[in-house]
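Undergrad: This is the content of coords_32.txt (compact mmCIF, C-alpha atoms and all ligand atoms):
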# COMPACT_ATOMS: atom_id res chain seq x y z
CA MET A 1475 0.00 0.00 0.00
CA PRO A 1476 1.45 3.42 -0.91
CA ASN A 1477 2.31 5.49 2.10
CA THR A 1478 -0.09 8.36 1.32
CA GLU A 1479 -3.12 6.12 1.87
CA ARG A 1480 -2.07 5.69 5.44
CA LEU A 1481 -2.13 9.44 6.08
CA PHE A 1482 -5.07 11.79 6.39
CA ARG A 1483 -5.40 15.48 7.11
CA THR A 1484 -8.23 16.82 9.24
CA GLU A 1485 -9.36 19.72 11.34
CA ALA A 1486 -9.98 18.66 14.94
CA ILE A 1487 -10.89 19.93 18.40
CA ILE A 1488 -8.99 18.49 21.36
CA MET A 1489 -11.53 16.92 23.76
CA ARG A 1490 -9.30 15.02 26.17
CA ARG A 1491 -5.62 14.41 26.66
CA ARG A 1492 -3.63 12.40 29.11
CA ASP A 1493 -0.06 11.38 29.65
CA PHE A 1494 0.95 8.13 28.06
CA GLY A 1495 4.20 6.25 28.54
CA GLU A 1496 7.42 8.19 29.12
CA ALA A 1497 6.90 11.25 26.97
CA ASP A 1498 3.76 10.71 24.89
CA ARG A 1499 0.23 11.98 25.09
CA LEU A 1500 -2.98 10.17 24.32
CA LEU A 1501 -5.50 12.51 22.71
CA THR A 1502 -9.22 12.24 22.09
CA VAL A 1503 -10.28 14.66 19.37
CA PHE A 1504 -13.46 15.40 17.45
CA THR A 1505 -13.29 15.82 13.68
CA PRO A 1506 -15.86 16.88 11.06
CA GLY A 1507 -15.44 13.81 8.84
CA ARG A 1508 -14.55 10.98 11.20
CA GLY A 1509 -16.27 11.90 14.44
CA LYS A 1510 -14.38 11.17 17.63
CA ILE A 1511 -10.97 9.56 17.29
CA ARG A 1512 -8.17 8.67 19.66
CA LEU A 1513 -4.58 9.14 18.72
CA ILE A 1514 -1.14 9.29 20.18
CA ALA A 1515 1.15 12.34 20.12
CA LYS A 1516 4.60 10.84 20.40
CA GLY A 1517 7.14 12.81 22.38
CA ALA A 1518 4.60 15.58 23.05
CA ARG A 1519 5.79 16.01 26.62
CA LYS A 1520 9.45 16.51 25.77
CA PRO A 1521 10.48 20.13 26.36
CA THR A 1522 11.83 20.30 22.82
CA SER A 1523 8.64 19.01 21.20
CA ARG A 1524 7.02 21.37 18.74
CA LYS A 1525 3.75 19.45 19.09
CA GLY A 1526 3.43 20.04 22.82
CA GLY A 1527 1.94 23.51 22.88
CA HIS A 1528 -0.51 22.78 20.11
CA VAL A 1529 -2.36 19.97 21.78
CA GLU A 1530 -3.95 21.96 24.59
CA LEU A 1531 -7.52 21.11 25.58
CA PHE A 1532 -10.34 22.86 23.67
CA THR A 1533 -8.07 24.12 20.90
CA ARG A 1534 -8.90 23.73 17.22
CA VAL A 1535 -6.06 22.41 15.14
CA ASP A 1536 -5.24 21.15 11.70
CA MET A 1537 -3.60 17.75 11.89
CA LEU A 1538 -1.93 15.17 9.75
CA VAL A 1539 -2.59 11.70 11.12
CA ALA A 1540 -0.95 8.40 10.26
CA LYS A 1541 -3.14 5.31 10.52
CA GLY A 1542 -1.49 3.02 13.04
CA ARG A 1543 -2.24 -0.64 13.65
CA ASP A 1544 -3.74 -0.05 17.08
CA LEU A 1545 -3.75 3.69 17.55
CA ASP A 1546 -3.59 6.50 15.03
CA ILE A 1547 -0.49 8.65 15.33
CA LEU A 1548 -0.33 12.43 15.28
CA SER A 1549 2.20 13.23 12.58
CA GLN A 1550 1.93 17.04 12.28
CA VAL A 1551 -0.22 19.63 13.98
CA GLU A 1552 -0.89 23.33 13.46
CA MET A 1553 -2.97 25.66 15.60
CA VAL A 1554 -6.08 27.05 13.93
CA GLU A 1555 -7.92 28.59 16.91
CA PRO A 1556 -6.65 28.57 20.50
CA TYR A 1557 -9.92 29.85 22.09
CA LEU A 1558 -7.77 31.72 24.59
CA PRO A 1559 -10.60 33.02 26.86
CA LEU A 1560 -11.42 29.38 27.69
CA HIS A 1561 -7.96 29.10 29.21
CA GLU A 1562 -7.95 32.44 30.96
CA ASP A 1563 -11.34 32.43 32.68
CA LEU A 1564 -12.47 29.68 35.05
CA VAL A 1565 -16.18 30.15 34.34
CA ARG A 1566 -15.69 29.93 30.58
CA ALA A 1567 -13.42 26.92 31.09
CA ALA A 1568 -16.11 25.16 33.14
CA TYR A 1569 -18.70 25.68 30.40
CA ALA A 1570 -16.24 24.45 27.77
CA ALA A 1571 -15.57 21.33 29.83
CA HIS A 1572 -19.32 20.74 30.10
CA VAL A 1573 -20.04 21.01 26.36
CA VAL A 1574 -17.07 18.83 25.43
CA GLU A 1575 -18.00 16.19 28.00
CA LEU A 1576 -21.57 15.99 26.72
CA LEU A 1577 -20.40 15.44 23.16
CA ASP A 1578 -17.92 12.85 24.38
CA ARG A 1579 -20.59 10.93 26.28
CA PHE A 1580 -23.20 11.02 23.51
CA THR A 1581 -20.89 9.79 20.74
CA GLY A 1582 -18.94 6.62 20.09
CA GLU A 1583 -15.59 6.49 18.33
CA GLU A 1584 -15.52 7.00 14.56
CA GLU A 1585 -19.18 7.89 14.24
CA GLU A 1586 -19.20 10.68 11.67
CA ASN A 1587 -21.29 13.63 12.87
CA ALA A 1588 -20.35 16.81 11.03
CA ARG A 1589 -23.26 18.79 12.49
CA ALA A 1590 -22.12 17.98 16.02
CA TYR A 1591 -18.58 19.06 15.10
CA TYR A 1592 -19.68 22.45 13.79
CA LEU A 1593 -21.99 22.90 16.78
CA LEU A 1594 -19.05 22.31 19.11
CA ARG A 1595 -16.80 24.62 17.11
CA ASP A 1596 -19.37 27.44 17.10
CA THR A 1597 -20.23 26.95 20.77
CA LEU A 1598 -16.59 27.18 21.88
CA GLY A 1599 -16.50 30.45 19.96
CA PHE A 1600 -19.66 31.73 21.71
CA LEU A 1601 -18.21 30.70 25.08
CA CYS A 1602 -15.21 32.94 24.33
CA THR A 1603 -17.12 36.02 23.23
CA GLU A 1604 -20.44 36.06 25.14
CA GLU A 1605 -20.91 38.07 28.30
CA ILE A 1606 -20.49 35.82 31.35
CA GLU A 1607 -24.19 36.13 32.27
CA ASN A 1608 -25.15 34.91 28.78
CA LEU A 1609 -23.10 31.72 28.95
CA ARG A 1610 -25.91 29.66 30.45
CA LEU A 1611 -28.17 30.51 27.52
CA ALA A 1612 -25.41 29.48 25.11
CA ALA A 1613 -25.10 26.21 27.05
CA ARG A 1614 -28.85 25.51 26.90
CA PHE A 1615 -28.84 26.24 23.16
CA TYR A 1616 -25.95 23.83 22.72
CA GLU A 1617 -27.59 21.09 24.80
CA LEU A 1618 -30.85 21.23 22.91
CA ARG A 1619 -29.13 21.29 19.51
CA LEU A 1620 -26.75 18.51 20.49
CA LEU A 1621 -29.70 16.32 21.53
CA SER A 1622 -31.09 16.81 18.01
CA TRP A 1623 -27.80 15.93 16.33
CA VAL A 1624 -27.26 12.75 18.34
CA GLY A 1625 -30.78 11.40 17.84
CA TYR A 1626 -32.64 12.49 20.99
CA GLN A 1627 -34.44 15.62 19.81
CA PRO A 1628 -37.19 16.24 22.35
CA GLN A 1629 -40.73 16.48 20.99
CA LEU A 1630 -41.98 19.93 22.02
CA PHE A 1631 -44.99 20.66 19.85
CA THR A 1632 -47.26 17.66 20.35
CA CYS A 1633 -47.96 15.49 23.40
CA VAL A 1634 -45.68 12.41 23.33
CA VAL A 1635 -48.45 10.24 24.79
CA GLY A 1636 -51.58 11.28 22.88
CA ASN A 1637 -49.86 12.96 19.91
CA GLU A 1638 -52.33 15.83 19.96
CA ALA A 1639 -51.11 19.43 19.67
CA VAL A 1640 -50.62 20.80 23.19
CA ASN A 1641 -52.62 23.77 24.46
CA ALA A 1642 -51.07 27.01 25.67
CA GLN A 1643 -50.85 26.02 29.34
CA ASP A 1644 -48.38 24.52 31.79
CA GLN A 1645 -47.28 21.00 30.73
CA TYR A 1646 -45.09 18.11 31.83
CA PHE A 1647 -41.90 16.71 30.36
CA SER A 1648 -41.33 12.95 30.18
CA TYR A 1649 -37.71 11.76 30.20
CA ALA A 1650 -38.67 8.25 29.13
CA GLU A 1651 -40.85 9.42 26.21
CA GLY A 1652 -38.55 12.30 25.28
CA GLY A 1653 -40.91 15.26 25.15
CA VAL A 1654 -43.90 17.22 26.32
CA VAL A 1655 -46.88 15.50 27.95
CA CYS A 1656 -50.17 17.35 28.42
CA PRO A 1657 -51.71 17.44 31.93
CA GLU A 1658 -54.42 15.01 30.84
CA HIS A 1659 -51.91 12.30 29.81
CA ALA A 1660 -49.36 13.00 32.55
CA HIS A 1661 -49.50 9.88 34.69
CA THR A 1662 -46.38 7.89 33.86
CA GLU A 1663 -43.15 8.04 35.86
CA ARG A 1664 -40.17 10.37 35.56
CA MET A 1665 -42.11 13.47 34.63
CA MET A 1666 -41.17 17.03 35.38
CA PRO A 1667 -43.60 19.91 35.52
CA LEU A 1668 -42.85 22.27 32.62
CA SER A 1669 -44.20 25.81 32.69
CA LEU A 1670 -45.63 27.32 29.54
CA GLY A 1671 -42.86 29.95 29.65
CA ALA A 1672 -40.13 27.30 29.72
CA LEU A 1673 -41.81 25.35 26.91
CA LYS A 1674 -41.87 28.47 24.74
CA VAL A 1675 -38.16 29.10 25.33
CA LEU A 1676 -37.29 25.47 24.57
CA ARG A 1677 -39.22 25.64 21.29
CA TYR A 1678 -37.48 28.89 20.41
CA LEU A 1679 -34.04 27.41 21.17
CA GLN A 1680 -34.85 24.29 19.17
CA THR A 1681 -36.03 26.08 16.02
CA GLN A 1682 -34.01 29.32 15.80
CA ASP A 1683 -30.34 29.90 15.20
CA TYR A 1684 -28.04 31.16 17.93
CA GLU A 1685 -27.82 34.72 16.58
CA THR A 1686 -31.61 35.00 17.03
CA VAL A 1687 -31.85 33.44 20.49
CA ARG A 1688 -28.83 35.10 22.07
CA VAL A 1689 -30.72 38.35 22.71
CA LEU A 1690 -33.31 36.61 24.92
CA ASN A 1691 -33.27 38.05 28.41
CA LEU A 1692 -34.74 35.45 30.77
CA ARG A 1693 -35.58 35.66 34.45
CA GLY A 1694 -33.39 33.67 36.83
CA ALA A 1695 -36.26 31.35 37.78
CA LEU A 1696 -36.89 30.50 34.14
CA HIS A 1697 -33.20 29.79 33.62
CA ALA A 1698 -33.24 27.49 36.63
CA GLU A 1699 -36.25 25.61 35.27
CA LEU A 1700 -34.70 25.18 31.81
CA GLU A 1701 -31.50 23.84 33.34
CA ARG A 1702 -33.40 21.45 35.62
CA VAL A 1703 -35.48 19.97 32.79
CA LEU A 1704 -32.66 19.69 30.26
CA HIS A 1705 -30.12 18.30 32.70
CA GLY A 1706 -32.71 15.86 34.06
CA TYR A 1707 -33.40 14.62 30.55
CA ILE A 1708 -29.70 14.43 29.64
CA THR A 1709 -28.89 12.53 32.85
CA TYR A 1710 -31.69 10.07 32.11
CA LEU A 1711 -30.44 9.50 28.54
CA LEU A 1712 -26.82 9.03 29.63
CA GLU A 1713 -27.89 6.46 32.25
CA GLN A 1714 -29.78 4.58 29.52
CA ARG A 1715 -26.74 4.68 27.22
CA LEU A 1716 -24.51 3.44 30.01
CA GLN A 1717 -26.88 0.58 30.79
CA SER A 1718 -27.12 -0.52 27.16
CA ALA A 1719 -23.31 -0.33 26.81
CA ASN A 1720 -22.94 -2.49 29.93
CA PHE A 1721 -25.53 -4.89 28.55
CA LEU A 1722 -23.65 -5.19 25.24
CA ARG A 1723 -20.39 -5.76 27.07
CA ARG A 1724 -22.00 -8.51 29.12
CA LEU A 1725 -23.42 -10.14 25.98
CA ARG A 1726 -19.99 -10.06 24.35
CA ARG A 1727 -18.36 -11.58 27.41
CA GLU A 1728 -20.98 -14.32 27.56
CA SER A 1729 -20.70 -15.13 23.85
CA MET A 1730 -16.91 -15.35 24.20
CA ALA A 1731 -17.32 -17.70 27.15
CA ASP A 1732 -19.41 -20.14 25.05
ZN ZN A 1801 -51.69 14.49 25.73
Let's see the structure in the file written out as structure tokens.

TA:
Amino acid sequence: MPNTERLFRTEAIIMRRRDFGEADRLLTVFTPGRGKIRLIAKGARKPTSRKGGHVELFTRVDMLVAKGRDLDILSQVEMVEPYLPLHEDLVRAAYAAHVVELLDRFTGEEEENARAYYLLRDTLGFLCTEEIENLRLAARFYELRLLSWVGYQPQLFTCVVGNEAVNAQDQYFSYAEGGVVCPEHAHTERMMPLSLGALKVLRYLQTQDYETVRVLNLRGALHAELERVLHGYITYLLEQRLQSANFLRRLRRESMAD
């Protein structure tokens, strides 16, 4: 096989990194064309390494990667966008860690998801430039859009139980059914009350682009409700994913034991 086929160039955002061996780093990055990949940056921790400074968390880089037998190998890397405010401000850093962790937990390795990549890229940009008090709105926008791009878009316009259009009144949200339930059908478990105001904001976030929603000025109580509902739903989904991953692992172990 000619050598060039074993190399590929890609843009990537550094999601995780940890020390590996004597002087190497193990990186988890997200790419537009290949989804999440893991690779090794050899010698990245040597003081003389030119790669070292370019593989900081949350930075966007352009990389040349060599396909390895077990792990892909970082061959060259160039900084595209350092997102410096994420490294200079603890609050911005905490939001960046949150958005990256969500993407990490909702995606498997090498599952292409270009929309999720561009959402992450744009959101890291918003987290650099928004006023601190606007960061939570940027995070809610990201969460709702990410849920859509990873296959869990909540149903917000019709009741998930009866499928009828919901009336303009306070509703419920079902984690298990993934959407709004009208008061009449709200009798299953794991349901959160959802005020009409919160429902309207969720619909707005789900259907408008960020430039439109960023000017919303919401009361603190409404922000708290949005965070409670979205984080409750996300926690529920991640528990389900974890359980099905454990189940698959157990199946694999049992089939190997046969
Ligand atoms: Zn209903």

Undergrad: Find the nearest atom pair between each residue of region 1611-1684 of chain A and region 1710-1718 of chain A for residues within 10 Å, count only C-alpha atoms, give distances in Å to one decimal, sort rows by chain and ascending number, and present the table as a Markdown table.

TA:
| residue | atom | partner | partner_atom | distance |
| --- | --- | --- | --- | --- |
| A:Leu1621 | CA | A:Leu1711 | CA | 9.8 |
| A:Tyr1626 | CA | A:Leu1711 | CA | 8.4 |
| A:Tyr1649 | CA | A:Tyr1710 | CA | 6.5 |
| A:Ala1650 | CA | A:Tyr1710 | CA | 7.8 |
| A:Gly1652 | CA | A:Leu1711 | CA | 9.2 |
| A:Arg1664 | CA | A:Tyr1710 | CA | 9.2 |

Undergrad: Residues at most 12 Å from ligand ZN 1801 (chain A), using all atoms listed in the file? Could they come as a PyMOL selection string?

TA: chain A and resi 1630-1641+1645-1648+1651+1653-1662

Undergrad: Could you write out the selected residues, including C-alpha atoms, as a compact mmCIF listing (two decimals), in the coordinates of the input?

TA:
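So selection.txt came out as:
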# COMPACT_ATOMS: atom_id res chain seq x y z
CA LEU A 1630 -41.98 19.93 22.02
CA PHE A 1631 -44.99 20.66 19.85
CA THR A 1632 -47.26 17.66 20.35
CA CYS A 1633 -47.96 15.49 23.40
CA VAL A 1634 -45.68 12.41 23.33
CA VAL A 1635 -48.45 10.24 24.79
CA GLY A 1636 -51.58 11.28 22.88
CA ASN A 1637 -49.86 12.96 19.91
CA GLU A 1638 -52.33 15.83 19.96
CA ALA A 1639 -51.11 19.43 19.67
CA VAL A 1640 -50.62 20.80 23.19
CA ASN A 1641 -52.62 23.77 24.46
CA GLN A 1645 -47.28 21.00 30.73
CA TYR A 1646 -45.09 18.11 31.83
CA PHE A 1647 -41.90 16.71 30.36
CA SER A 1648 -41.33 12.95 30.18
CA GLU A 1651 -40.85 9.42 26.21
CA GLY A 1653 -40.91 15.26 25.15
CA VAL A 1654 -43.90 17.22 26.32
CA VAL A 1655 -46.88 15.50 27.95
CA CYS A 1656 -50.17 17.35 28.42
CA PRO A 1657 -51.71 17.44 31.93
CA GLU A 1658 -54.42 15.01 30.84
CA HIS A 1659 -51.91 12.30 29.81
CA ALA A 1660 -49.36 13.00 32.55
CA HIS A 1661 -49.50 9.88 34.69
CA THR A 1662 -46.38 7.89 33.86

Undergrad: Which residue gives the smallest distance to Val1529 (chain A) among A:Gly1582, A:Gly1694, A:Pro1556, A:Gly1509, with all atoms listed in the file counted?

TA: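 Under the stated criterion, the closest residue is A:Pro1556.
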
Undergrad: Which is closer to Tyr1616 (chain A) than all the others in A:Leu1576, A:Ala1497, A:Val1689, A:Cys1602, using all atoms listed in the file?

TA: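 The shortest atom-to-atom distance to Tyr1616 (chain A) comes from A:Leu1576.
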
Undergrad: What is the distance between CA of Gly1517 (chain A) and CA of Leu1500 (chain A), in Å to one decimal?

TA: 10.6 Å

Undergrad: Go through A:Trp1623, A:Phe1721, A:Tyr1707, A:Phe1494 one by one, measure the shortest atom-to-atom distance of each to Tyr1592 (chain A) using all atoms listed in the file, and give the residue with the smallest value.

TA: A:Trp1623

Undergrad: Could you give me, as a PDB file with C-alpha atoms, in the coordinates of the input, the residues within 10 Å of Asp1578 (chain A), counting only C-alpha atoms and dropping anything in the same chain fewer than 4 positions from it?

TA:
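Result file part_5.pdb:
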ATOM      1  CA  MET A1489     -11.530  16.920  23.760  1.00  0.00           C
ATOM      2  CA  ARG A1490      -9.300  15.020  26.170  1.00  0.00           C
ATOM      3  CA  THR A1502      -9.220  12.240  22.090  1.00  0.00           C
ATOM      4  CA  VAL A1503     -10.280  14.660  19.370  1.00  0.00           C
ATOM      5  CA  PHE A1504     -13.460  15.400  17.450  1.00  0.00           C
ATOM      6  CA  LYS A1510     -14.380  11.170  17.630  1.00  0.00           C
ATOM      7  CA  HIS A1572     -19.320  20.740  30.100  1.00  0.00           C
ATOM      8  CA  VAL A1573     -20.040  21.010  26.360  1.00  0.00           C
ATOM      9  CA  VAL A1574     -17.070  18.830  25.430  1.00  0.00           C
ATOM     10  CA  GLY A1582     -18.940   6.620  20.090  1.00  0.00           C
ATOM     11  CA  GLU A1583     -15.590   6.490  18.330  1.00  0.00           C
TER      12      GLU A1583
END

Undergrad: From the list A:Phe1482, A:Tyr1678, A:Phe1532, A:Tyr1684, which residue is nearest Glu1575 (chain A) when using only C-alpha atoms?

TA: A:Phe1532

Undergrad: Would you mind telling me which residue in A:Arg1723, A:Lys1541, A:Arg1614, A:Arg1619 lies nearest to Val1675 (chain A) when using only C-alpha atoms?

TA: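 That would be A:Arg1614, the residue with the smallest distance to Val1675 (chain A).
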
Undergrad: My list of candidates is A:Phe1580, A:Leu1593, A:Asp1546, A:Ala1568. Which is closest to Asp1683 (chain A) when distances are computed with all atoms listed in the file?

TA: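 Of A:Phe1580, A:Leu1593, A:Asp1546, A:Ala1568, the one nearest Asp1683 (chain A), counting all atoms listed in the file, is A:Leu1593.
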